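coords.cif (mmCIF, C-alpha atoms)
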data_data
#
loop_
_atom_site.group_PDB
_atom_site.id
_atom_site.type_symbol
_atom_site.label_atom_id
_atom_site.label_comp_id
_atom_site.auth_asym_id
_atom_site.auth_seq_id
_atom_site.Cartn_x
_atom_site.Cartn_y
_atom_site.Cartn_z
ATOM 1 C CA MET T 1 -17.946 -82.845 107.327
ATOM 2 C CA THR T 2 -18.027 -81.378 110.833
ATOM 3 C CA SER T 3 -19.535 -83.694 113.438
ATOM 4 C CA VAL T 4 -21.412 -81.753 116.090
ATOM 5 C CA LYS T 5 -23.634 -82.594 119.022
ATOM 6 C CA LEU T 6 -26.533 -80.154 119.074
ATOM 7 C CA PRO T 7 -28.396 -79.081 122.208
ATOM 8 C CA LYS T 8 -32.191 -79.377 122.376
ATOM 9 C CA ILE T 9 -32.597 -75.632 121.864
ATOM 10 C CA ALA T 10 -30.720 -72.979 119.885
ATOM 11 C CA LEU T 11 -30.583 -69.377 121.036
ATOM 12 C CA GLY T 12 -31.404 -66.708 118.471
ATOM 13 C CA ALA T 13 -29.608 -63.375 118.246
ATOM 14 C CA TRP T 14 -31.950 -61.772 115.696
ATOM 15 C CA ALA T 15 -33.045 -59.077 118.149
ATOM 16 C CA TRP T 16 -29.405 -58.306 118.928
ATOM 17 C CA GLY T 17 -29.187 -56.684 115.495
ATOM 18 C CA ASN T 18 -31.352 -53.763 116.683
ATOM 19 C CA ASP T 19 -33.018 -53.702 113.266
ATOM 20 C CA GLY T 20 -36.410 -52.553 114.547
ATOM 21 C CA THR T 21 -38.161 -55.922 114.471
ATOM 22 C CA PHE T 22 -38.015 -56.204 118.252
ATOM 23 C CA GLY T 23 -37.160 -52.595 119.029
ATOM 24 C CA ASN T 24 -33.653 -51.203 118.992
ATOM 25 C CA ASN T 25 -32.579 -50.766 122.583
ATOM 26 C CA PHE T 26 -30.386 -53.827 123.154
ATOM 27 C CA THR T 27 -26.850 -53.114 124.324
ATOM 28 C CA LYS T 28 -23.810 -55.308 124.933
ATOM 29 C CA GLU T 29 -24.169 -54.590 128.623
ATOM 30 C CA SER T 30 -27.764 -55.851 128.699
ATOM 31 C CA LEU T 31 -27.018 -58.895 126.517
ATOM 32 C CA LYS T 32 -23.824 -60.169 128.162
ATOM 33 C CA PRO T 33 -25.605 -61.705 131.200
ATOM 34 C CA ILE T 34 -27.825 -63.628 128.772
ATOM 35 C CA PHE T 35 -24.782 -65.115 127.079
ATOM 36 C CA ASP T 36 -23.154 -66.001 130.386
ATOM 37 C CA ILE T 37 -26.223 -67.787 131.786
ATOM 38 C CA ALA T 38 -26.713 -69.742 128.560
ATOM 39 C CA MET T 39 -23.125 -70.920 128.358
ATOM 40 C CA ALA T 40 -23.137 -71.903 132.037
ATOM 41 C CA ASN T 41 -26.129 -74.154 131.314
ATOM 42 C CA CYS T 42 -24.814 -75.817 128.140
ATOM 43 C CA LEU T 43 -27.097 -73.858 125.782
ATOM 44 C CA ASN T 44 -24.222 -73.119 123.466
ATOM 45 C CA LEU T 45 -25.734 -73.013 119.951
ATOM 46 C CA TRP T 46 -26.067 -69.410 118.756
ATOM 47 C CA ASP T 47 -28.049 -68.497 115.645
ATOM 48 C CA THR T 48 -27.293 -65.228 113.874
ATOM 49 C CA ALA T 49 -27.094 -63.669 110.387
ATOM 50 C CA TYR T 50 -25.468 -60.697 108.730
ATOM 51 C CA ALA T 51 -28.988 -59.562 107.826
ATOM 52 C CA TYR T 52 -29.735 -58.986 111.521
ATOM 53 C CA GLY T 53 -28.698 -55.362 111.633
ATOM 54 C CA MET T 54 -26.186 -55.686 108.765
ATOM 55 C CA GLY T 55 -23.564 -57.333 110.932
ATOM 56 C CA THR T 56 -24.632 -55.829 114.252
ATOM 57 C CA SER T 57 -25.891 -59.115 115.717
ATOM 58 C CA GLU T 58 -22.761 -60.953 114.569
ATOM 59 C CA LYS T 59 -20.438 -58.339 116.075
ATOM 60 C CA VAL T 60 -22.206 -58.326 119.441
ATOM 61 C CA LEU T 61 -22.169 -62.119 119.599
ATOM 62 C CA ALA T 62 -18.509 -62.213 118.521
ATOM 63 C CA SER T 63 -17.522 -59.874 121.340
ATOM 64 C CA PHE T 64 -18.813 -62.471 123.813
ATOM 65 C CA LEU T 65 -17.565 -65.576 122.032
ATOM 66 C CA LYS T 66 -13.945 -64.425 121.966
ATOM 67 C CA GLU T 67 -13.872 -64.672 125.767
ATOM 68 C CA VAL T 68 -14.548 -68.431 125.782
ATOM 69 C CA PRO T 69 -12.827 -71.446 124.126
ATOM 70 C CA ARG T 70 -13.819 -72.154 120.525
ATOM 71 C CA ASN T 71 -14.799 -75.734 121.315
ATOM 72 C CA SER T 72 -17.308 -74.573 123.944
ATOM 73 C CA TYR T 73 -19.873 -73.120 121.509
ATOM 74 C CA LEU T 74 -21.524 -73.548 118.112
ATOM 75 C CA VAL T 75 -22.312 -70.764 115.637
ATOM 76 C CA SER T 76 -25.104 -70.888 113.076
ATOM 77 C CA ASP T 77 -24.846 -68.160 110.402
ATOM 78 C CA LYS T 78 -26.448 -67.471 107.034
ATOM 79 C CA PHE T 79 -25.928 -66.327 103.455
ATOM 80 C CA THR T 80 -28.661 -63.780 102.743
ATOM 81 C CA PRO T 81 -28.904 -62.938 99.016
ATOM 82 C CA GLN T 82 -30.373 -59.505 99.755
ATOM 83 C CA CYS T 83 -27.190 -58.542 101.602
ATOM 84 C CA ILE T 84 -24.927 -58.854 98.563
ATOM 85 C CA ASN T 85 -23.364 -55.567 97.479
ATOM 86 C CA SER T 86 -21.737 -54.438 94.248
ATOM 87 C CA SER T 87 -18.223 -54.731 95.645
ATOM 88 C CA MET T 88 -18.533 -58.508 95.956
ATOM 89 C CA LYS T 89 -16.962 -60.131 92.894
ATOM 90 C CA ASN T 90 -17.634 -63.616 94.261
ATOM 91 C CA PRO T 91 -20.670 -63.080 96.521
ATOM 92 C CA MET T 92 -20.744 -66.476 98.235
ATOM 93 C CA SER T 93 -17.096 -66.672 99.189
ATOM 94 C CA ASP T 94 -16.907 -62.922 99.846
ATOM 95 C CA MET T 95 -19.909 -63.072 102.171
ATOM 96 C CA ILE T 96 -18.708 -66.115 104.101
ATOM 97 C CA GLU T 97 -15.204 -64.756 104.516
ATOM 98 C CA MET T 98 -16.502 -61.318 105.508
ATOM 99 C CA GLN T 99 -18.707 -62.938 108.167
ATOM 100 C CA LEU T 100 -15.870 -65.100 109.481
ATOM 101 C CA LYS T 101 -13.647 -62.031 109.757
ATOM 102 C CA LEU T 102 -16.433 -60.060 111.403
ATOM 103 C CA MET T 103 -16.884 -62.789 114.007
ATOM 104 C CA GLU T 104 -13.165 -63.560 114.340
ATOM 105 C CA LEU T 105 -13.757 -67.228 113.518
ATOM 106 C CA ASP T 106 -12.040 -69.721 111.244
ATOM 107 C CA HIS T 107 -15.209 -71.717 110.604
ATOM 108 C CA PHE T 108 -18.958 -71.850 111.232
ATOM 109 C CA ASP T 109 -20.646 -74.921 112.674
ATOM 110 C CA ILE T 110 -23.860 -74.501 110.664
ATOM 111 C CA TYR T 111 -24.285 -72.383 107.541
ATOM 112 C CA TRP T 112 -27.546 -71.676 105.750
ATOM 113 C CA ILE T 113 -29.004 -70.348 102.542
ATOM 114 C CA HIS T 114 -31.294 -67.839 104.281
ATOM 115 C CA ASN T 115 -34.181 -67.732 101.801
ATOM 116 C CA VAL T 116 -35.274 -68.855 98.348
ATOM 117 C CA VAL T 117 -34.199 -65.824 96.285
ATOM 118 C CA ASP T 118 -32.191 -67.452 93.452
ATOM 119 C CA ALA T 119 -31.699 -70.363 95.871
ATOM 120 C CA PRO T 120 -30.568 -72.992 93.318
ATOM 121 C CA LYS T 121 -27.843 -70.634 92.103
ATOM 122 C CA TRP T 122 -26.648 -69.850 95.622
ATOM 123 C CA THR T 123 -26.865 -73.466 96.764
ATOM 124 C CA GLU T 124 -24.630 -74.385 93.829
ATOM 125 C CA GLU T 125 -22.192 -71.641 94.845
ATOM 126 C CA LEU T 126 -22.326 -72.819 98.458
ATOM 127 C CA ALA T 127 -21.530 -76.358 97.341
ATOM 128 C CA LYS T 128 -18.613 -75.191 95.186
ATOM 129 C CA TYR T 129 -17.210 -73.171 98.075
ATOM 130 C CA PHE T 130 -17.231 -76.052 100.560
ATOM 131 C CA GLU T 131 -16.532 -78.961 98.198
ATOM 132 C CA GLY T 132 -13.282 -80.635 99.212
ATOM 133 C CA LYS T 133 -12.694 -78.371 102.201
ATOM 134 C CA GLU T 134 -11.898 -79.551 105.698
ATOM 135 C CA ASN T 135 -14.080 -78.509 108.624
ATOM 136 C CA ILE T 136 -17.256 -78.258 106.553
ATOM 137 C CA PRO T 137 -20.195 -76.994 108.620
ATOM 138 C CA LEU T 138 -23.620 -78.559 108.644
ATOM 139 C CA LEU T 139 -25.256 -77.082 105.550
ATOM 140 C CA GLY T 140 -28.879 -75.988 105.624
ATOM 141 C CA VAL T 141 -31.629 -74.070 103.892
ATOM 142 C CA SER T 142 -34.184 -71.742 105.438
ATOM 143 C CA ASN T 143 -37.687 -70.702 104.363
ATOM 144 C CA HIS T 144 -37.762 -73.462 101.731
ATOM 145 C CA ASN T 145 -40.776 -75.586 100.820
ATOM 146 C CA LEU T 146 -40.511 -79.338 100.270
ATOM 147 C CA GLU T 147 -39.776 -79.151 96.551
ATOM 148 C CA GLU T 148 -37.082 -76.536 97.159
ATOM 149 C CA ILE T 149 -35.574 -78.623 99.973
ATOM 150 C CA LYS T 150 -35.308 -81.632 97.662
ATOM 151 C CA GLN T 151 -33.723 -79.449 94.981
ATOM 152 C CA ALA T 152 -31.117 -78.137 97.438
ATOM 153 C CA GLN T 153 -30.415 -81.662 98.615
ATOM 154 C CA LYS T 154 -29.814 -82.813 95.034
ATOM 155 C CA ILE T 155 -27.420 -79.937 94.318
ATOM 156 C CA LEU T 156 -25.379 -80.592 97.442
ATOM 157 C CA ASN T 157 -25.287 -84.342 96.813
ATOM 158 C CA GLU T 158 -23.861 -83.737 93.335
ATOM 159 C CA HIS T 159 -20.866 -82.103 95.042
ATOM 160 C CA GLY T 160 -20.428 -84.857 97.607
ATOM 161 C CA LEU T 161 -22.110 -82.820 100.321
ATOM 162 C CA LYS T 162 -25.203 -83.396 102.453
ATOM 163 C CA LEU T 163 -28.202 -81.268 103.315
ATOM 164 C CA SER T 164 -28.128 -81.479 107.091
ATOM 165 C CA ALA T 165 -30.654 -78.900 108.253
ATOM 166 C CA VAL T 166 -33.855 -77.055 107.402
ATOM 167 C CA GLN T 167 -34.923 -73.908 109.251
ATOM 168 C CA ASN T 168 -38.507 -72.709 108.894
ATOM 169 C CA HIS T 169 -41.072 -70.706 110.829
ATOM 170 C CA PHE T 170 -42.931 -73.301 112.903
ATOM 171 C CA SER T 171 -45.245 -72.765 115.841
ATOM 172 C CA LEU T 172 -48.645 -73.704 117.206
ATOM 173 C CA ILE T 173 -50.176 -71.090 114.883
ATOM 174 C CA ASN T 174 -48.002 -71.872 111.862
ATOM 175 C CA ARG T 175 -47.687 -75.596 111.221
ATOM 176 C CA SER T 176 -47.465 -75.422 107.434
ATOM 177 C CA SER T 177 -44.068 -77.162 107.480
ATOM 178 C CA GLU T 178 -45.790 -80.120 109.122
ATOM 179 C CA HIS T 179 -48.907 -80.146 106.940
ATOM 180 C CA SER T 180 -46.777 -79.990 103.789
ATOM 181 C CA GLY T 181 -44.736 -83.043 104.766
ATOM 182 C CA ILE T 182 -41.471 -81.213 105.476
ATOM 183 C CA LEU T 183 -41.175 -82.486 109.054
ATOM 184 C CA ASN T 184 -41.665 -86.093 107.988
ATOM 185 C CA TYR T 185 -39.227 -85.698 105.113
ATOM 186 C CA CYS T 186 -36.581 -84.348 107.467
ATOM 187 C CA LYS T 187 -37.065 -87.248 109.878
ATOM 188 C CA GLU T 188 -36.867 -89.790 107.068
ATOM 189 C CA ASN T 189 -33.680 -88.246 105.661
ATOM 190 C CA ASN T 190 -31.816 -87.546 108.913
ATOM 191 C CA ILE T 191 -32.132 -83.774 108.476
ATOM 192 C CA TYR T 192 -32.391 -81.511 111.505
ATOM 193 C CA PHE T 193 -35.495 -79.317 111.479
ATOM 194 C CA PHE T 194 -34.904 -75.992 113.216
ATOM 195 C CA ALA T 195 -38.118 -74.235 114.259
ATOM 196 C CA TYR T 196 -37.872 -70.477 114.427
ATOM 197 C CA MET T 197 -40.503 -68.113 115.869
ATOM 198 C CA VAL T 198 -41.916 -70.865 118.081
ATOM 199 C CA LEU T 199 -43.083 -68.114 120.448
ATOM 200 C CA GLU T 200 -44.237 -65.878 117.579
ATOM 201 C CA GLN T 201 -41.931 -63.073 118.683
ATOM 202 C CA GLY T 202 -43.412 -63.076 122.178
ATOM 203 C CA ALA T 203 -47.090 -63.432 121.240
ATOM 204 C CA LEU T 204 -47.267 -66.932 122.772
ATOM 205 C CA THR T 205 -45.662 -66.061 126.092
ATOM 206 C CA GLY T 206 -48.715 -64.858 128.001
ATOM 207 C CA ASN T 207 -47.113 -61.439 128.345
ATOM 208 C CA TYR T 208 -49.584 -59.777 125.982
ATOM 209 C CA ASP T 209 -53.364 -59.708 125.690
ATOM 210 C CA THR T 210 -56.088 -57.391 124.446
ATOM 211 C CA LYS T 211 -55.642 -55.117 127.452
ATOM 212 C CA HIS T 212 -51.861 -55.260 127.234
ATOM 213 C CA PRO T 213 -50.942 -55.342 123.518
ATOM 214 C CA MET T 214 -47.436 -55.262 122.136
ATOM 215 C CA PRO T 215 -45.920 -51.760 122.236
ATOM 216 C CA GLU T 216 -46.568 -49.870 119.040
ATOM 217 C CA GLY T 217 -43.646 -49.059 116.786
ATOM 218 C CA SER T 218 -42.360 -52.551 116.012
ATOM 219 C CA ALA T 219 -43.130 -54.888 113.126
ATOM 220 C CA ARG T 220 -44.388 -57.565 115.494
ATOM 221 C CA ALA T 221 -46.990 -55.204 117.006
ATOM 222 C CA GLN T 222 -48.409 -54.604 113.524
ATOM 223 C CA THR T 223 -48.722 -58.346 112.993
ATOM 224 C CA TYR T 224 -50.002 -59.668 116.305
ATOM 225 C CA ASN T 225 -52.000 -56.852 117.907
ATOM 226 C CA PRO T 226 -54.854 -57.091 115.330
ATOM 227 C CA VAL T 227 -55.388 -60.764 116.268
ATOM 228 C CA MET T 228 -54.585 -60.461 119.965
ATOM 229 C CA ASP T 229 -58.124 -61.538 120.894
ATOM 230 C CA LYS T 230 -57.488 -64.953 119.299
ATOM 231 C CA ILE T 231 -53.957 -65.204 120.672
ATOM 232 C CA GLU T 232 -55.382 -64.483 124.117
ATOM 233 C CA ILE T 233 -57.619 -67.575 123.862
ATOM 234 C CA LEU T 234 -54.641 -69.785 123.039
ATOM 235 C CA ASN T 235 -52.567 -68.273 125.822
ATOM 236 C CA ILE T 236 -55.294 -69.147 128.348
ATOM 237 C CA SER T 237 -54.890 -72.827 127.458
ATOM 238 C CA LEU T 238 -51.125 -72.519 127.521
ATOM 239 C CA LYS T 239 -51.414 -71.009 131.002
ATOM 240 C CA LYS T 240 -53.378 -74.018 132.258
ATOM 241 C CA LEU T 241 -50.635 -76.358 131.107
ATOM 242 C CA ALA T 242 -47.947 -74.047 132.457
ATOM 243 C CA ASP T 243 -49.624 -74.165 135.867
ATOM 244 C CA LYS T 244 -49.771 -77.957 135.710
ATOM 245 C CA TYR T 245 -46.038 -78.193 135.047
ATOM 246 C CA ASN T 246 -45.225 -75.277 137.367
ATOM 247 C CA VAL T 247 -43.546 -73.256 134.600
ATOM 248 C CA LYS T 248 -44.159 -70.047 132.675
ATOM 249 C CA VAL T 249 -46.471 -69.876 129.666
ATOM 250 C CA ALA T 250 -43.527 -69.359 127.292
ATOM 251 C CA GLN T 251 -42.083 -72.748 128.168
ATOM 252 C CA ILE T 252 -45.080 -74.710 126.853
ATOM 253 C CA PRO T 253 -44.829 -73.785 123.125
ATOM 254 C CA VAL T 254 -41.111 -74.570 123.288
ATOM 255 C CA ALA T 255 -41.773 -77.935 124.926
ATOM 256 C CA TRP T 256 -44.404 -78.561 122.237
ATOM 257 C CA ALA T 257 -41.858 -77.855 119.478
ATOM 258 C CA ILE T 258 -39.361 -80.254 121.044
ATOM 259 C CA ALA T 259 -42.102 -82.900 121.335
ATOM 260 C CA LYS T 260 -42.689 -82.499 117.577
ATOM 261 C CA GLY T 261 -39.093 -83.554 116.953
ATOM 262 C CA THR T 262 -37.820 -80.088 116.069
ATOM 263 C CA LEU T 263 -34.972 -77.994 117.415
ATOM 264 C CA PRO T 264 -36.500 -74.648 118.407
ATOM 265 C CA ILE T 265 -34.579 -71.395 118.075
ATOM 266 C CA ILE T 266 -35.510 -69.126 120.956
ATOM 267 C CA GLY T 267 -34.826 -65.420 120.675
ATOM 268 C CA VAL T 268 -33.200 -64.220 123.886
ATOM 269 C CA THR T 269 -33.136 -60.612 125.078
ATOM 270 C CA LYS T 270 -33.410 -61.189 128.844
ATOM 271 C CA PRO T 271 -31.744 -63.646 131.244
ATOM 272 C CA SER T 272 -35.209 -64.998 132.052
ATOM 273 C CA HIS T 273 -35.580 -66.102 128.421
ATOM 274 C CA VAL T 274 -32.610 -68.429 128.867
ATOM 275 C CA GLU T 275 -33.943 -69.692 132.177
ATOM 276 C CA ASP T 276 -37.265 -70.413 130.444
ATOM 277 C CA ALA T 277 -35.475 -72.328 127.695
ATOM 278 C CA ILE T 278 -33.634 -74.469 130.219
ATOM 279 C CA LYS T 279 -36.883 -75.426 131.956
ATOM 280 C CA ALA T 280 -38.720 -75.982 128.661
ATOM 281 C CA SER T 281 -36.143 -78.546 127.579
ATOM 282 C CA ASN T 282 -37.088 -80.656 130.607
ATOM 283 C CA ILE T 283 -40.876 -80.707 130.010
ATOM 284 C CA SER T 284 -42.463 -83.739 128.358
ATOM 285 C CA LEU T 285 -45.982 -82.970 127.155
ATOM 286 C CA THR T 286 -48.344 -85.920 126.734
ATOM 287 C CA ALA T 287 -49.727 -86.836 123.305
ATOM 288 C CA ASP T 288 -53.171 -85.689 124.437
ATOM 289 C CA GLU T 289 -51.867 -82.317 125.602
ATOM 290 C CA THR T 290 -50.059 -81.794 122.311
ATOM 291 C CA SER T 291 -53.146 -82.752 120.316
ATOM 292 C CA GLU T 292 -55.498 -80.491 122.292
ATOM 293 C CA LEU T 293 -53.212 -77.488 121.857
ATOM 294 C CA GLU T 294 -53.024 -78.091 118.122
ATOM 295 C CA LYS T 295 -56.790 -78.463 117.759
ATOM 296 C CA LEU T 296 -57.405 -75.193 119.591
ATOM 297 C CA ALA T 297 -54.756 -73.329 117.608
ATOM 298 C CA GLU T 298 -56.198 -74.621 114.313
ATOM 299 C CA SER T 299 -59.714 -73.546 115.299
ATOM 300 C CA LEU T 300 -58.590 -69.951 115.823
ATOM 301 C CA GLY T 301 -57.572 -69.559 112.175
ATOM 302 C CA ILE T 302 -54.701 -67.144 112.822
ATOM 303 C CA ASN T 303 -52.570 -66.317 109.797
ATOM 304 C CA ALA T 304 -49.027 -66.038 111.158
ATOM 305 C CA ILE T 305 -47.214 -66.011 107.794
ATOM 306 C CA ARG T 306 -44.904 -62.997 107.767
ATOM 307 C CA PHE T 307 -44.024 -60.738 104.849
ATOM 308 C CA TRP T 308 -40.751 -62.555 104.021
ATOM 309 C CA GLU T 309 -42.396 -65.996 104.049
ATOM 310 C CA LYS T 310 -44.828 -68.168 102.177
ATOM 311 C CA GLU T 311 -47.163 -70.966 103.131
ATOM 312 C CA MET T 312 -45.326 -74.277 102.814
ATOM 313 C CA LYS T 313 -47.321 -76.445 100.405
#

Represent the structure contained in this file as structure tokens.
Amino acid sequence: MTSVKLPKIALGAWAWGNDGTFGNNFTKESLKPIFDIAMANCLNLWDTAYAYGMGTSEKVLASFLKEVPRNSYLVSDKFTPQCINSSMKNPMSDMIEMQLKLMELDHFDIYWIHNVVDAPKWTEELAKYFEGKENIPLLGVSNHNLEEIKQAQKILNEHGLKLSAVQNHFSLINRSSEHSGILNYCKENNIYFFAYMVLEQGALTGNYDTKHPMPEGSARAQTYNPVMDKIEILNISLKKLADKYNVKVAQIPVAWAIAKGTLPIIGVTKPSHVEDAIKASNISLTADETSELEKLAESLGINAIRFWEKEMK
């Protein structure tokens, strides 16, 4: 089993896939400075998936990684059942080996079952693939509820492997992984909990409000613009805390996620996003500040569950 030291924050390359979720105007030239700043500041854990632009995100990231030593970074990648094609005789091994070739790597540091579509079957296949191998990555599941997490853990244990990570949508306006007991279960079982969409795709950054909604044409605009009046209320409170700590609004939800014992994945499309992540990792919110933010967010009643997800119960 690979032993790795994880940073406080992972950097997400979902947007790098140019799949329309965040727009589709990201180029290698615009993304390279982001990579360079992150690596210079020891934010070296990169989260990607073949599903992010059908290999586009992986290829862009790979073009940067090949310029630095392999032991200087960590790669988190995923098996997405929906990306299987008819040419794959052995989908699990074919997918993993295709991704490794695509990224010019000999191993991943973390590897996930991306969602719950036929998850027990694919977890079994994942276990068979890695059983007995050297250089086994941390193995994780994403978008799983507590029952499904326990099921995956049992399958891996039967093959002498360990469930090391869970990755779910978790933010101030989507705490279902906490309410359902997943966070506590992970802590009790020494499982890393990765929190994705902590900033709700930019909604909790203070950059948008009712007068300045998200640009139309992206999936996130369809989700957040209709409830921007409520998001605006939360962002006002986030701004007060940001002013207290002399940081940007975006750094407070990230600091909150770290305070909850999670490892947030921050999508990065600008150098400033990395700079924000660096500062956020150094903020320690008080228990009262954390509690007040959560109470306000709960009172707003925003449904942030996206179309590929479910409420964790």

Contacts between segment 186-198 of chain T and segment 80-147 of chain T, please, where a residue of segment 80-147 of chain T counts if it comes within 12 Å (with all atoms listed in the file); show its shortest atom pair and distance in Å to one decimal, rows by chain and ascending number, as JSON lines.
{"residue": "T:Ile110", "atom": "CA", "partner": "T:Tyr192", "partner_atom": "CA", "distance": 11.1}
{"residue": "T:Trp112", "atom": "CA", "partner": "T:Phe194", "partner_atom": "CA", "distance": 11.3}
{"residue": "T:Leu138", "atom": "CA", "partner": "T:Tyr192", "partner_atom": "CA", "distance": 9.7}
{"residue": "T:Leu139", "atom": "CA", "partner": "T:Ile191", "partner_atom": "CA", "distance": 10.0}
{"residue": "T:Gly140", "atom": "CA", "partner": "T:Tyr192", "partner_atom": "CA", "distance": 8.8}
{"residue": "T:Val141", "atom": "CA", "partner": "T:Phe193", "partner_atom": "CA", "distance": 10.0}
{"residue": "T:Ser142", "atom": "CA", "partner": "T:Phe194", "partner_atom": "CA", "distance": 8.9}
{"residue": "T:Asn143", "atom": "CA", "partner": "T:Tyr196", "partner_atom": "CA", "distance": 10.1}
{"residue": "T:His144", "atom": "CA", "partner": "T:Phe193", "partner_atom": "CA", "distance": 11.6}
{"residue": "T:Asn145", "atom": "CA", "partner": "T:Cys186", "partner_atom": "CA", "distance": 11.8}
{"residue": "T:Leu146", "atom": "CA", "partner": "T:Cys186", "partner_atom": "CA", "distance": 9.6}

Residues matched by the PyMOL selection byres ((chain T and resi 294) around 12), written as a list in words:
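Applying the PyMOL selection byres ((chain T and resi 294) around 12) to the structure shown produces Ser171, Leu172, Ile173, Asn174, Arg175, Glu178, Leu234, Ser237, Leu238, Pro253, Trp256, Ala257, Lys260, Ala287, Asp288, Glu289, Thr290, Ser291, Glu292, Leu293, Lys295, Leu296, Ala297, Glu298, Ser299, Leu300 and Gly301 of chain T.
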
Within 10 Å of segment 113-125 of chain T, counting all atoms listed in the file, which residues show up once you throw out same-chain ones fewer than 6 positions away? Write them as a PyMOL selection string, please.
chain T and resi 49+51+77-82+90-93+131+139-145+148-149+151-156+158-159+166-168+308-309

Suppose a student applies the PyMOL selection byres ((chain T and resi 266) around 7) to this structure; what residues should they get, written as JSON, numbers by chain?
{"T": [10, 11, 12, 264, 265, 267, 268]}

Return as a tab-separated table (two decimals) with C-alpha atoms, keeping the file's coordinate frame the set of residues that the PyMOL selection byres ((chain T and resi 270) around 12) yields on the displayed structure.
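Here's the written file part-v2.tsv:
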chain	number	residue	atom	x	y	z
T	11	LEU	CA	-30.58	-69.38	121.04
T	12	GLY	CA	-31.40	-66.71	118.47
T	13	ALA	CA	-29.61	-63.38	118.25
T	15	ALA	CA	-33.04	-59.08	118.15
T	16	TRP	CA	-29.40	-58.31	118.93
T	26	PHE	CA	-30.39	-53.83	123.15
T	27	THR	CA	-26.85	-53.11	124.32
T	28	LYS	CA	-23.81	-55.31	124.93
T	29	GLU	CA	-24.17	-54.59	128.62
T	30	SER	CA	-27.76	-55.85	128.70
T	31	LEU	CA	-27.02	-58.90	126.52
T	32	LYS	CA	-23.82	-60.17	128.16
T	33	PRO	CA	-25.60	-61.70	131.20
T	34	ILE	CA	-27.82	-63.63	128.77
T	35	PHE	CA	-24.78	-65.11	127.08
T	36	ASP	CA	-23.15	-66.00	130.39
T	37	ILE	CA	-26.22	-67.79	131.79
T	38	ALA	CA	-26.71	-69.74	128.56
T	266	ILE	CA	-35.51	-69.13	120.96
T	267	GLY	CA	-34.83	-65.42	120.68
T	268	VAL	CA	-33.20	-64.22	123.89
T	269	THR	CA	-33.14	-60.61	125.08
T	271	PRO	CA	-31.74	-63.65	131.24
T	272	SER	CA	-35.21	-65.00	132.05
T	273	HIS	CA	-35.58	-66.10	128.42
T	274	VAL	CA	-32.61	-68.43	128.87
T	275	GLU	CA	-33.94	-69.69	132.18
T	276	ASP	CA	-37.26	-70.41	130.44
T	277	ALA	CA	-35.48	-72.33	127.70

Between T:Ile305, T:Val247, T:Ile283, T:Ile236, single out the one closest to Tyr224 of chain T, counting all atoms listed in the file.
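Ranking T:Ile305, T:Val247, T:Ile283, T:Ile236 by distance to Tyr224 of chain T, first place goes to T:Ile305.
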
Report, in Å with one decimal, the straight-line distance from atom CA of Ser164 of chain T to atom CA of Asp109 of chain T.
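So the answer is 11.4 Å.
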
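The space separating atom CA of Asn225 of chain T from atom CA of Gly202 of chain T comes to 11.4 Å.
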
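Of note, atom CA of Ile278 of chain T and atom CA of Ala250 of chain T are spaced 11.5 Å apart.
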